[in-house]
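What follows is input_7.txt (compact mmCIF, C-alpha atoms).
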# COMPACT_ATOMS: atom_id res chain seq x y z
CA GLU F 1 2.85 -24.01 -3.56
CA ALA F 2 4.25 -24.14 -7.09
CA ASP F 3 0.88 -23.81 -8.83
CA TYR F 4 -0.02 -20.70 -6.85
CA LEU F 5 3.37 -19.14 -7.50
CA GLU F 6 2.93 -19.78 -11.23
CA MET F 7 -0.47 -18.07 -11.11
CA VAL F 8 1.16 -15.03 -9.51
CA LYS F 9 3.80 -15.10 -12.25
CA GLN F 10 1.10 -15.16 -14.92
CA VAL F 11 -0.47 -12.01 -13.49
CA VAL F 12 2.92 -10.31 -13.24
CA ASP F 13 3.52 -11.20 -16.89
CA TYR F 14 0.17 -9.67 -17.88
CA GLY F 15 1.34 -6.43 -16.25
CA PHE F 16 4.70 -6.51 -17.99
CA GLN F 17 3.08 -7.19 -21.37
CA ASN F 18 1.03 -4.03 -20.82
CA LYS F 19 4.11 -1.98 -19.83
CA MET F 20 2.97 -1.66 -16.22
CA HIS F 21 4.77 -1.69 -12.92
CA VAL F 22 3.65 -4.57 -10.70
CA ILE F 23 3.81 -4.92 -6.91
CA ILE F 24 3.89 -8.28 -5.13
CA ASN F 25 3.13 -8.21 -1.42
CA VAL F 26 2.25 -10.36 1.56
CA HIS F 27 -1.39 -9.38 1.85
CA HIS F 28 -3.48 -9.72 5.03
CA ASP F 29 -1.81 -12.88 6.34
CA ASN F 30 -2.64 -11.60 9.79
CA GLU F 31 -3.10 -15.06 11.26
CA TRP F 32 0.69 -15.55 11.19
CA VAL F 33 2.10 -12.03 10.74
CA ARG F 34 1.68 -11.13 14.38
CA PRO F 35 3.75 -8.30 15.91
CA GLU F 36 3.87 -9.68 19.44
CA ALA F 37 6.47 -11.52 21.53
CA SER F 38 4.78 -14.93 21.41
CA HIS F 39 4.78 -15.05 17.59
CA ALA F 40 7.62 -12.78 16.48
CA ASP F 41 10.28 -15.46 15.93
CA GLU F 42 7.90 -17.66 13.97
CA THR F 43 6.78 -14.70 11.85
CA LYS F 44 10.36 -13.69 11.05
CA ALA F 45 11.33 -17.22 10.06
CA ARG F 46 8.34 -17.55 7.79
CA LEU F 47 8.87 -14.14 6.20
CA THR F 48 12.49 -15.03 5.52
CA SER F 49 11.47 -18.29 3.85
CA LEU F 50 8.63 -16.72 1.87
CA TRP F 51 10.59 -13.78 0.52
CA THR F 52 13.60 -15.92 -0.32
CA GLN F 53 11.36 -18.12 -2.47
CA VAL F 54 9.52 -15.22 -4.13
CA ALA F 55 12.70 -13.24 -4.76
CA ASN F 56 14.40 -16.24 -6.37
CA HIS F 57 11.35 -17.01 -8.51
CA PHE F 58 11.33 -13.47 -9.95
CA ILE F 59 15.06 -12.79 -9.85
CA GLU F 60 15.32 -12.19 -13.60
CA TYR F 61 12.54 -9.58 -13.68
CA ASN F 62 13.62 -5.97 -14.02
CA ASP F 63 12.82 -3.09 -11.68
CA SER F 64 9.29 -2.71 -13.03
CA LEU F 65 8.57 -5.44 -10.47
CA ILE F 66 8.46 -4.13 -6.90
CA PHE F 67 8.26 -6.21 -3.73
CA GLU F 68 6.23 -4.99 -0.74
CA THR F 69 7.17 -6.74 2.48
CA LEU F 70 3.78 -6.58 4.25
CA ASN F 71 0.28 -5.13 3.97
CA GLU F 72 -1.24 -3.26 6.92
CA PRO F 73 0.63 -5.36 9.53
CA ARG F 74 -1.02 -5.06 12.91
CA LEU F 75 -2.71 -6.92 15.75
CA GLU F 76 -6.41 -7.21 15.04
CA GLY F 77 -8.94 -6.29 17.69
CA VAL F 78 -6.63 -4.31 19.98
CA PRO F 79 -7.55 -0.70 20.87
CA GLU F 80 -4.52 0.59 18.97
CA GLU F 81 -5.25 -1.37 15.77
CA TRP F 82 -6.02 1.73 13.68
CA THR F 83 -4.44 4.45 15.84
CA GLY F 84 -0.75 3.80 15.24
CA GLY F 85 -0.14 0.68 17.30
CA THR F 86 1.87 0.10 20.46
CA PRO F 87 5.61 0.75 20.92
CA SER F 88 6.37 -2.97 21.07
CA GLY F 89 4.15 -3.74 18.08
CA ARG F 90 5.82 -1.06 15.99
CA ALA F 91 9.24 -2.42 16.98
CA TYR F 92 8.29 -5.91 15.84
CA ILE F 93 7.08 -4.58 12.49
CA ASN F 94 10.47 -2.93 12.04
CA GLU F 95 12.03 -6.34 12.65
CA PHE F 96 9.64 -7.99 10.18
CA ASN F 97 10.44 -5.43 7.49
CA LYS F 98 14.17 -5.93 8.04
CA VAL F 99 14.17 -9.72 7.75
CA ALA F 100 12.09 -9.48 4.58
CA VAL F 101 14.40 -6.88 3.01
CA ASP F 102 17.47 -8.87 4.06
CA ALA F 103 16.05 -12.07 2.55
CA ILE F 104 15.32 -10.34 -0.76
CA ARG F 105 18.75 -8.71 -0.95
CA ALA F 106 20.51 -11.98 -0.08
CA THR F 107 19.26 -13.62 -3.28
CA GLY F 108 21.50 -11.27 -5.28
CA ALA F 109 21.40 -10.33 -8.98
CA ASN F 110 18.48 -8.00 -9.80
CA ASN F 111 17.19 -8.31 -6.25
CA GLU F 112 20.25 -6.52 -4.86
CA LYS F 113 18.91 -3.21 -6.19
CA ARG F 114 15.19 -3.85 -6.63
CA HIS F 115 12.82 -1.31 -5.12
CA ILE F 116 11.13 -2.64 -1.99
CA MET F 117 8.15 -1.09 -0.24
CA ILE F 118 7.79 -1.29 3.54
CA PRO F 119 4.76 -0.24 5.61
CA THR F 120 4.27 1.38 8.97
CA TRP F 121 2.01 -0.29 11.54
CA ALA F 122 -1.23 -0.90 9.57
CA ALA F 123 0.29 1.24 6.77
CA SER F 124 -0.93 4.09 8.95
CA THR F 125 -0.14 7.78 8.53
CA VAL F 126 -0.71 8.39 12.25
CA THR F 127 2.26 10.35 13.59
CA ALA F 128 3.42 7.64 15.99
CA ALA F 129 3.36 5.03 13.23
CA MET F 130 5.38 7.15 10.83
CA ASP F 131 7.83 8.48 13.43
CA ASN F 132 8.72 4.98 14.60
CA LEU F 133 9.25 3.36 11.21
CA VAL F 134 12.87 2.28 10.72
CA ILE F 135 14.25 1.94 7.17
CA PRO F 136 16.12 -1.40 7.10
CA ASN F 137 19.86 -0.80 6.72
CA ASN F 138 19.04 2.71 5.50
CA ASP F 139 18.55 0.98 2.14
CA PRO F 140 18.39 3.62 -0.62
CA LYS F 141 15.92 1.57 -2.69
CA VAL F 142 13.30 1.28 0.06
CA ILE F 143 10.00 3.07 -0.59
CA VAL F 144 7.59 3.95 2.24
CA SER F 145 4.18 2.31 1.82
CA LEU F 146 1.18 4.09 3.33
CA HIS F 147 -2.61 3.94 3.06
CA SER F 148 -4.70 7.06 3.54
CA TYR F 149 -8.47 6.79 3.28
CA PHE F 150 -8.81 10.35 4.51
CA PRO F 151 -11.24 11.16 5.99
CA TRP F 152 -12.38 7.63 6.83
CA PRO F 153 -15.97 8.60 7.82
CA PHE F 154 -16.46 9.68 4.19
CA ALA F 155 -14.13 7.33 2.33
CA GLY F 156 -14.90 4.11 4.18
CA GLU F 157 -18.21 4.63 5.97
CA ALA F 158 -20.25 7.08 3.86
CA ASP F 159 -21.07 8.72 7.17
CA MET F 160 -20.38 12.33 6.21
CA SER F 161 -20.53 14.61 3.22
CA TRP F 162 -17.36 15.82 1.54
CA GLY F 163 -16.43 18.78 -0.62
CA SER F 164 -16.36 21.92 1.51
CA GLU F 165 -13.32 24.16 1.58
CA ALA F 166 -12.61 22.90 5.09
CA ASP F 167 -12.74 19.30 3.84
CA LYS F 168 -10.30 20.09 1.04
CA SER F 169 -7.98 21.97 3.35
CA ALA F 170 -7.87 19.03 5.78
CA LEU F 171 -7.07 16.55 3.01
CA ARG F 172 -4.41 18.84 1.57
CA SER F 173 -2.82 19.09 5.02
CA GLU F 174 -2.81 15.29 5.38
CA LEU F 175 -0.99 14.83 2.07
CA GLN F 176 1.44 17.69 2.76
CA ARG F 177 2.23 16.19 6.17
CA ILE F 178 3.15 12.86 4.53
CA ARG F 179 5.34 14.64 1.98
CA GLN F 180 7.09 16.70 4.65
CA LYS F 181 7.86 13.66 6.80
CA TRP F 182 9.24 11.36 4.13
CA ILE F 183 10.19 13.24 0.97
CA VAL F 184 11.42 16.50 2.50
CA GLU F 185 12.88 15.33 5.81
CA ASN F 186 14.03 11.82 4.87
CA GLY F 187 14.48 11.85 1.11
CA ARG F 188 12.23 8.79 0.71
CA ALA F 189 9.79 8.04 -2.08
CA VAL F 190 6.22 7.35 -0.92
CA ILE F 191 3.53 5.19 -2.49
CA LEU F 192 -0.01 5.64 -1.20
CA GLY F 193 -0.94 2.07 -2.02
CA GLU F 194 -4.60 2.34 -1.04
CA TRP F 195 -7.16 5.13 -1.13
CA GLY F 196 -10.67 5.62 -2.52
CA SER F 197 -14.28 5.95 -1.46
CA ILE F 198 -17.13 3.47 -1.20
CA GLU F 199 -20.10 3.47 -3.55
CA ASP F 200 -22.58 4.35 -0.80
CA ASN F 201 -21.40 7.94 -1.18
CA PRO F 202 -23.08 10.18 -3.79
CA LEU F 203 -21.32 9.84 -7.13
CA SER F 204 -20.85 13.60 -7.45
CA MET F 205 -18.93 13.67 -4.14
CA ARG F 206 -16.86 10.64 -5.10
CA LEU F 207 -15.88 12.30 -8.36
CA GLU F 208 -14.92 15.56 -6.69
CA TYR F 209 -13.00 13.69 -4.00
CA ALA F 210 -11.14 11.51 -6.51
CA GLU F 211 -10.11 14.45 -8.66
CA PHE F 212 -8.94 16.53 -5.70
CA TYR F 213 -7.10 13.67 -3.96
CA ALA F 214 -5.26 12.59 -7.12
CA ARG F 215 -4.32 16.14 -8.09
CA VAL F 216 -3.04 17.22 -4.67
CA ALA F 217 -1.19 13.95 -4.15
CA ALA F 218 0.58 14.45 -7.49
CA GLU F 219 1.42 18.02 -6.52
CA ASN F 220 3.11 16.59 -3.42
CA ASP F 221 5.06 13.92 -5.36
CA LEU F 222 3.02 11.08 -3.84
CA LEU F 223 2.26 8.15 -6.13
CA THR F 224 -1.30 6.93 -5.59
CA ILE F 225 -2.89 3.54 -6.25
CA VAL F 226 -6.66 3.60 -5.90
CA TRP F 227 -8.13 0.58 -4.10
CA ASP F 228 -10.57 -1.52 -6.14
CA ASP F 229 -11.50 -4.54 -4.04
CA GLY F 230 -14.32 -5.74 -6.30
CA GLY F 231 -16.75 -4.76 -3.53
CA MET F 232 -17.76 -1.42 -2.04
CA PHE F 233 -14.64 0.32 -3.38
CA ARG F 234 -15.23 -1.23 -6.80
CA MET F 235 -14.81 0.72 -10.01
CA PHE F 236 -14.36 -2.15 -12.48
CA ASP F 237 -16.51 -5.31 -12.66
CA ARG F 238 -14.01 -8.15 -12.95
CA HIS F 239 -16.67 -10.67 -13.99
CA SER F 240 -18.30 -8.77 -16.83
CA LEU F 241 -15.05 -6.91 -17.67
CA SER F 242 -16.91 -3.63 -17.73
CA TRP F 243 -16.67 -0.34 -15.85
CA ASP F 244 -19.12 0.51 -13.08
CA TYR F 245 -17.51 3.87 -12.33
CA GLU F 246 -15.40 4.76 -15.34
CA GLN F 247 -15.90 8.47 -14.62
CA ILE F 248 -13.93 8.10 -11.38
CA ALA F 249 -11.09 6.29 -13.11
CA GLN F 250 -10.95 8.95 -15.81
CA ALA F 251 -10.97 11.74 -13.20
CA ILE F 252 -8.05 10.14 -11.34
CA ILE F 253 -5.97 9.69 -14.50
CA ALA F 254 -6.61 13.25 -15.70
CA ALA F 255 -5.91 14.81 -12.31
CA SER F 256 -2.73 12.77 -11.79
CA ALA F 257 -1.36 13.89 -15.15
CA ASP F 258 -1.96 17.62 -14.67
What would you get if you wrote out this structure as structure tokens?
Amino acid sequence: EADYLEMVKQVVDYGFQNKMHVIINVHHDNEWVRPEASHADETKARLTSLWTQVANHFIEYNDSLIFETLNEPRLEGVPEEWTGGTPSGRAYINEFNKVAVDAIRATGANNEKRHIMIPTWAASTVTAAMDNLVIPNNDPKVIVSLHSYFPWPFAGEADMSWGSEADKSALRSELQRIRQKWIVENGRAVILGEWGSIEDNPLSMRLEYAEFYARVAAENDLLTIVWDDGGMFRMFDRHSLSWDYEQIAQAIIAASAD
């Protein structure tokens, strides 16, 4: 789809013009990215084709452009969807990550050394998901991609308050656990590509949570990208081009820079 690919390129160029890093990923194509025996071969063939095309299209871009093989790959509706997956499902995701990385590297030139992000099952930080992730070819330029809306009952459901010392201790432990697993034990960079809290939570709690999360993540050498979906996690109104929650954005920037 040449027109769509050109639209993606235009957005990438906007990022480059503003001296930003940009990440391109396969995002929520769960109807064909299916980690199960009946679909695995088809998924791998399609991922190989897709990433070969994308990598060739952006081959001249420097390393400020990052490729991310998949986003939250998983089987939807199974009991293990958000609890780390099944052994076979995790194994297929390892295969999917490898064919994508191999396809990108095979295009050569800048893509031989470009940073590539790969996720665990559902980009989960559950122990089983992280322990069973295999780095394709032990590639030194592979970054681990994780999402941590911790704790989900606050961040994603507005079903609990947040801000006690126990809450902060639990979140600190979550981020330290991620650092220990990947940075300390495996020497891998980590990008927390999604986190945030929905607007149903009190603004004061969201501000305190954002500041604490960003600061402690930075202390643990974890790069964070807050999730703004234009909906409940929204901070910026993309239609009016105005901030709905500029205070949260400012808190994240200040805390990340400390």
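Look at range 167-183 of chain F: the protein and nucleic acid residues within 8 Å of it, using all atoms listed in the file and passing over chain neighbours fewer than 6 places away, are Thr125, Val144, Phe150, Pro151, Ala189, Val190, Phe212, Tyr213, Val216, Ala217, Asn220, Asp221 and Leu222 of chain F.
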Margin query: Considering only C-alpha atoms, can you say which of F:Ser124, F:Thr83, F:Ser161, F:Asn138 comes closest to Val101 in chain F?
Written below: F:Asn138
Margin query: Given the point (-18.5, 10.2, 4.0) in the coordinates of this file, which residues lie within 10 Å, counting only C-alpha atoms, and how would they look as a PyMOL selection string?
Written below: chain F and resi 150-163+197-198+200-202+205-206
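Remark: for Val12 in chain F, the closest of the candidate residues F:Leu146, F:Leu65, F:Ala103, F:Val26 is F:Leu65 (distances computed over only C-alpha atoms).
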Check: If you count only C-alpha atoms, which residues fall within 12 Å of range 45-57 of chain F, apart from same-chain ones fewer than 6 positions away, as number ranges by chain?
Finding: F: 1-2, 4-6, 8-9, 12, 24-26, 29, 32-34, 39, 65-70, 93, 95-116
Next item on the list: Select, from F:Asp41, F:Glu194, F:Asn62, F:Asp244, the residue with the minimum atom-to-atom distance to Asp13 in chain F, counting all atoms listed in the file.
Entry: F:Asn62
Checklist line | Point-to-point distance from CA of Tyr92 in chain F to CA of Thr127 in chain F, Å rounded to tenths | finding: 17.5 Å
Could all heavy atoms be built for range 113-124 of chain F and written out as a PDB file, keeping the file's coordinate frame?
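Output below, filename out.pdb:
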ATOM      1  N   LYS F 113      19.235  -4.619  -6.012  1.00  0.00           N
ATOM      2  CA  LYS F 113      18.910  -3.210  -6.190  1.00  0.00           C
ATOM      3  C   LYS F 113      17.415  -2.968  -6.444  1.00  0.00           C
ATOM      4  O   LYS F 113      17.007  -1.844  -6.731  1.00  0.00           O
ATOM      5  CB  LYS F 113      19.717  -2.625  -7.366  1.00  0.00           C
ATOM      6  CG  LYS F 113      21.226  -2.679  -7.177  1.00  0.00           C
ATOM      7  CD  LYS F 113      21.674  -1.797  -6.019  1.00  0.00           C
ATOM      8  CE  LYS F 113      23.187  -1.788  -5.881  1.00  0.00           C
ATOM      9  NZ  LYS F 113      23.637  -0.944  -4.747  1.00  0.00           N
ATOM     10  N   ARG F 114      16.617  -4.012  -6.359  1.00  0.00           N
ATOM     11  CA  ARG F 114      15.190  -3.850  -6.630  1.00  0.00           C
ATOM     12  C   ARG F 114      14.529  -2.927  -5.615  1.00  0.00           C
ATOM     13  O   ARG F 114      14.882  -2.924  -4.437  1.00  0.00           O
ATOM     14  CB  ARG F 114      14.486  -5.217  -6.584  1.00  0.00           C
ATOM     15  CG  ARG F 114      13.032  -5.186  -7.032  1.00  0.00           C
ATOM     16  CD  ARG F 114      12.387  -6.570  -6.998  1.00  0.00           C
ATOM     17  NE  ARG F 114      13.147  -7.563  -7.739  1.00  0.00           N
ATOM     18  CZ  ARG F 114      13.166  -7.662  -9.068  1.00  0.00           C
ATOM     19  NH1 ARG F 114      12.479  -6.794  -9.807  1.00  0.00           N
ATOM     20  NH2 ARG F 114      13.869  -8.610  -9.652  1.00  0.00           N
ATOM     21  N   HIS F 115      13.572  -2.123  -6.070  1.00  0.00           N
ATOM     22  CA  HIS F 115      12.820  -1.310  -5.120  1.00  0.00           C
ATOM     23  C   HIS F 115      11.940  -2.203  -4.247  1.00  0.00           C
ATOM     24  O   HIS F 115      11.299  -3.138  -4.745  1.00  0.00           O
ATOM     25  CB  HIS F 115      11.941  -0.295  -5.858  1.00  0.00           C
ATOM     26  CG  HIS F 115      12.713   0.888  -6.363  1.00  0.00           C
ATOM     27  ND1 HIS F 115      13.124   1.016  -7.665  1.00  0.00           N
ATOM     28  CD2 HIS F 115      13.162   1.997  -5.716  1.00  0.00           C
ATOM     29  CE1 HIS F 115      13.786   2.155  -7.812  1.00  0.00           C
ATOM     30  NE2 HIS F 115      13.823   2.774  -6.646  1.00  0.00           N
ATOM     31  N   ILE F 116      11.926  -1.898  -2.968  1.00  0.00           N
ATOM     32  CA  ILE F 116      11.130  -2.640  -1.990  1.00  0.00           C
ATOM     33  C   ILE F 116      10.309  -1.650  -1.183  1.00  0.00           C
ATOM     34  O   ILE F 116      10.831  -0.657  -0.691  1.00  0.00           O
ATOM     35  CB  ILE F 116      12.024  -3.466  -1.043  1.00  0.00           C
ATOM     36  CG1 ILE F 116      12.923  -4.432  -1.836  1.00  0.00           C
ATOM     37  CG2 ILE F 116      11.171  -4.229  -0.029  1.00  0.00           C
ATOM     38  CD1 ILE F 116      13.955  -5.141  -0.972  1.00  0.00           C
ATOM     39  N   MET F 117       9.027  -1.914  -1.053  1.00  0.00           N
ATOM     40  CA  MET F 117       8.150  -1.090  -0.240  1.00  0.00           C
ATOM     41  C   MET F 117       8.017  -1.689   1.154  1.00  0.00           C
ATOM     42  O   MET F 117       7.888  -2.903   1.295  1.00  0.00           O
ATOM     43  CB  MET F 117       6.758  -0.976  -0.887  1.00  0.00           C
ATOM     44  CG  MET F 117       6.754  -0.284  -2.233  1.00  0.00           C
ATOM     45  SD  MET F 117       5.209  -0.551  -3.175  1.00  0.00           S
ATOM     46  CE  MET F 117       3.970   0.132  -2.046  1.00  0.00           C
ATOM     47  N   ILE F 118       8.030  -0.827   2.172  1.00  0.00           N
ATOM     48  CA  ILE F 118       7.790  -1.290   3.540  1.00  0.00           C
ATOM     49  C   ILE F 118       6.720  -0.409   4.192  1.00  0.00           C
ATOM     50  O   ILE F 118       6.706   0.799   3.988  1.00  0.00           O
ATOM     51  CB  ILE F 118       9.071  -1.292   4.398  1.00  0.00           C
ATOM     52  CG1 ILE F 118       9.586   0.145   4.625  1.00  0.00           C
ATOM     53  CG2 ILE F 118      10.160  -2.149   3.773  1.00  0.00           C
ATOM     54  CD1 ILE F 118      10.604   0.249   5.747  1.00  0.00           C
ATOM     55  N   PRO F 119       5.815  -1.009   4.973  1.00  0.00           N
ATOM     56  CA  PRO F 119       4.760  -0.240   5.610  1.00  0.00           C
ATOM     57  C   PRO F 119       5.062   0.118   7.056  1.00  0.00           C
ATOM     58  O   PRO F 119       5.894  -0.514   7.712  1.00  0.00           O
ATOM     59  CB  PRO F 119       3.570  -1.198   5.558  1.00  0.00           C
ATOM     60  CG  PRO F 119       4.223  -2.533   5.808  1.00  0.00           C
ATOM     61  CD  PRO F 119       5.586  -2.456   5.119  1.00  0.00           C
ATOM     62  N   THR F 120       4.354   1.112   7.532  1.00  0.00           N
ATOM     63  CA  THR F 120       4.270   1.380   8.970  1.00  0.00           C
ATOM     64  C   THR F 120       3.282   0.382   9.579  1.00  0.00           C
ATOM     65  O   THR F 120       2.724  -0.464   8.881  1.00  0.00           O
ATOM     66  CB  THR F 120       3.725   2.796   9.201  1.00  0.00           C
ATOM     67  OG1 THR F 120       2.440   2.895   8.553  1.00  0.00           O
ATOM     68  CG2 THR F 120       4.653   3.851   8.623  1.00  0.00           C
ATOM     69  N   TRP F 121       3.099   0.470  10.897  1.00  0.00           N
ATOM     70  CA  TRP F 121       2.010  -0.290  11.540  1.00  0.00           C
ATOM     71  C   TRP F 121       0.714   0.026  10.790  1.00  0.00           C
ATOM     72  O   TRP F 121       0.326   1.188  10.636  1.00  0.00           O
ATOM     73  CB  TRP F 121       1.894   0.117  13.010  1.00  0.00           C
ATOM     74  CG  TRP F 121       0.664  -0.376  13.727  1.00  0.00           C
ATOM     75  CD1 TRP F 121      -0.609   0.097  13.577  1.00  0.00           C
ATOM     76  CD2 TRP F 121       0.589  -1.423  14.692  1.00  0.00           C
ATOM     77  NE1 TRP F 121      -1.472  -0.588  14.381  1.00  0.00           N
ATOM     78  CE2 TRP F 121      -0.776  -1.542  15.089  1.00  0.00           C
ATOM     79  CE3 TRP F 121       1.519  -2.283  15.262  1.00  0.00           C
ATOM     80  CZ2 TRP F 121      -1.206  -2.472  16.027  1.00  0.00           C
ATOM     81  CZ3 TRP F 121       1.090  -3.210  16.212  1.00  0.00           C
ATOM     82  CH2 TRP F 121      -0.246  -3.302  16.585  1.00  0.00           C
ATOM     83  N   ALA F 122       0.046  -1.009  10.282  1.00  0.00           N
ATOM     84  CA  ALA F 122      -1.230  -0.900   9.570  1.00  0.00           C
ATOM     85  C   ALA F 122      -1.145   0.031   8.364  1.00  0.00           C
ATOM     86  O   ALA F 122      -2.166   0.525   7.897  1.00  0.00           O
ATOM     87  CB  ALA F 122      -2.348  -0.449  10.510  1.00  0.00           C
ATOM     88  N   ALA F 123       0.074   0.271   7.867  1.00  0.00           N
ATOM     89  CA  ALA F 123       0.290   1.240   6.770  1.00  0.00           C
ATOM     90  C   ALA F 123      -0.277   2.607   7.135  1.00  0.00           C
ATOM     91  O   ALA F 123      -0.686   3.377   6.279  1.00  0.00           O
ATOM     92  CB  ALA F 123      -0.302   0.731   5.460  1.00  0.00           C
ATOM     93  N   SER F 124      -0.278   2.903   8.411  1.00  0.00           N
ATOM     94  CA  SER F 124      -0.930   4.090   8.950  1.00  0.00           C
ATOM     95  C   SER F 124      -0.095   5.347   8.769  1.00  0.00           C
ATOM     96  O   SER F 124       1.138   5.313   8.834  1.00  0.00           O
ATOM     97  CB  SER F 124      -1.213   3.886  10.440  1.00  0.00           C
ATOM     98  OG  SER F 124      -1.715   5.068  11.034  1.00  0.00           O
TER      99      SER F 124
END
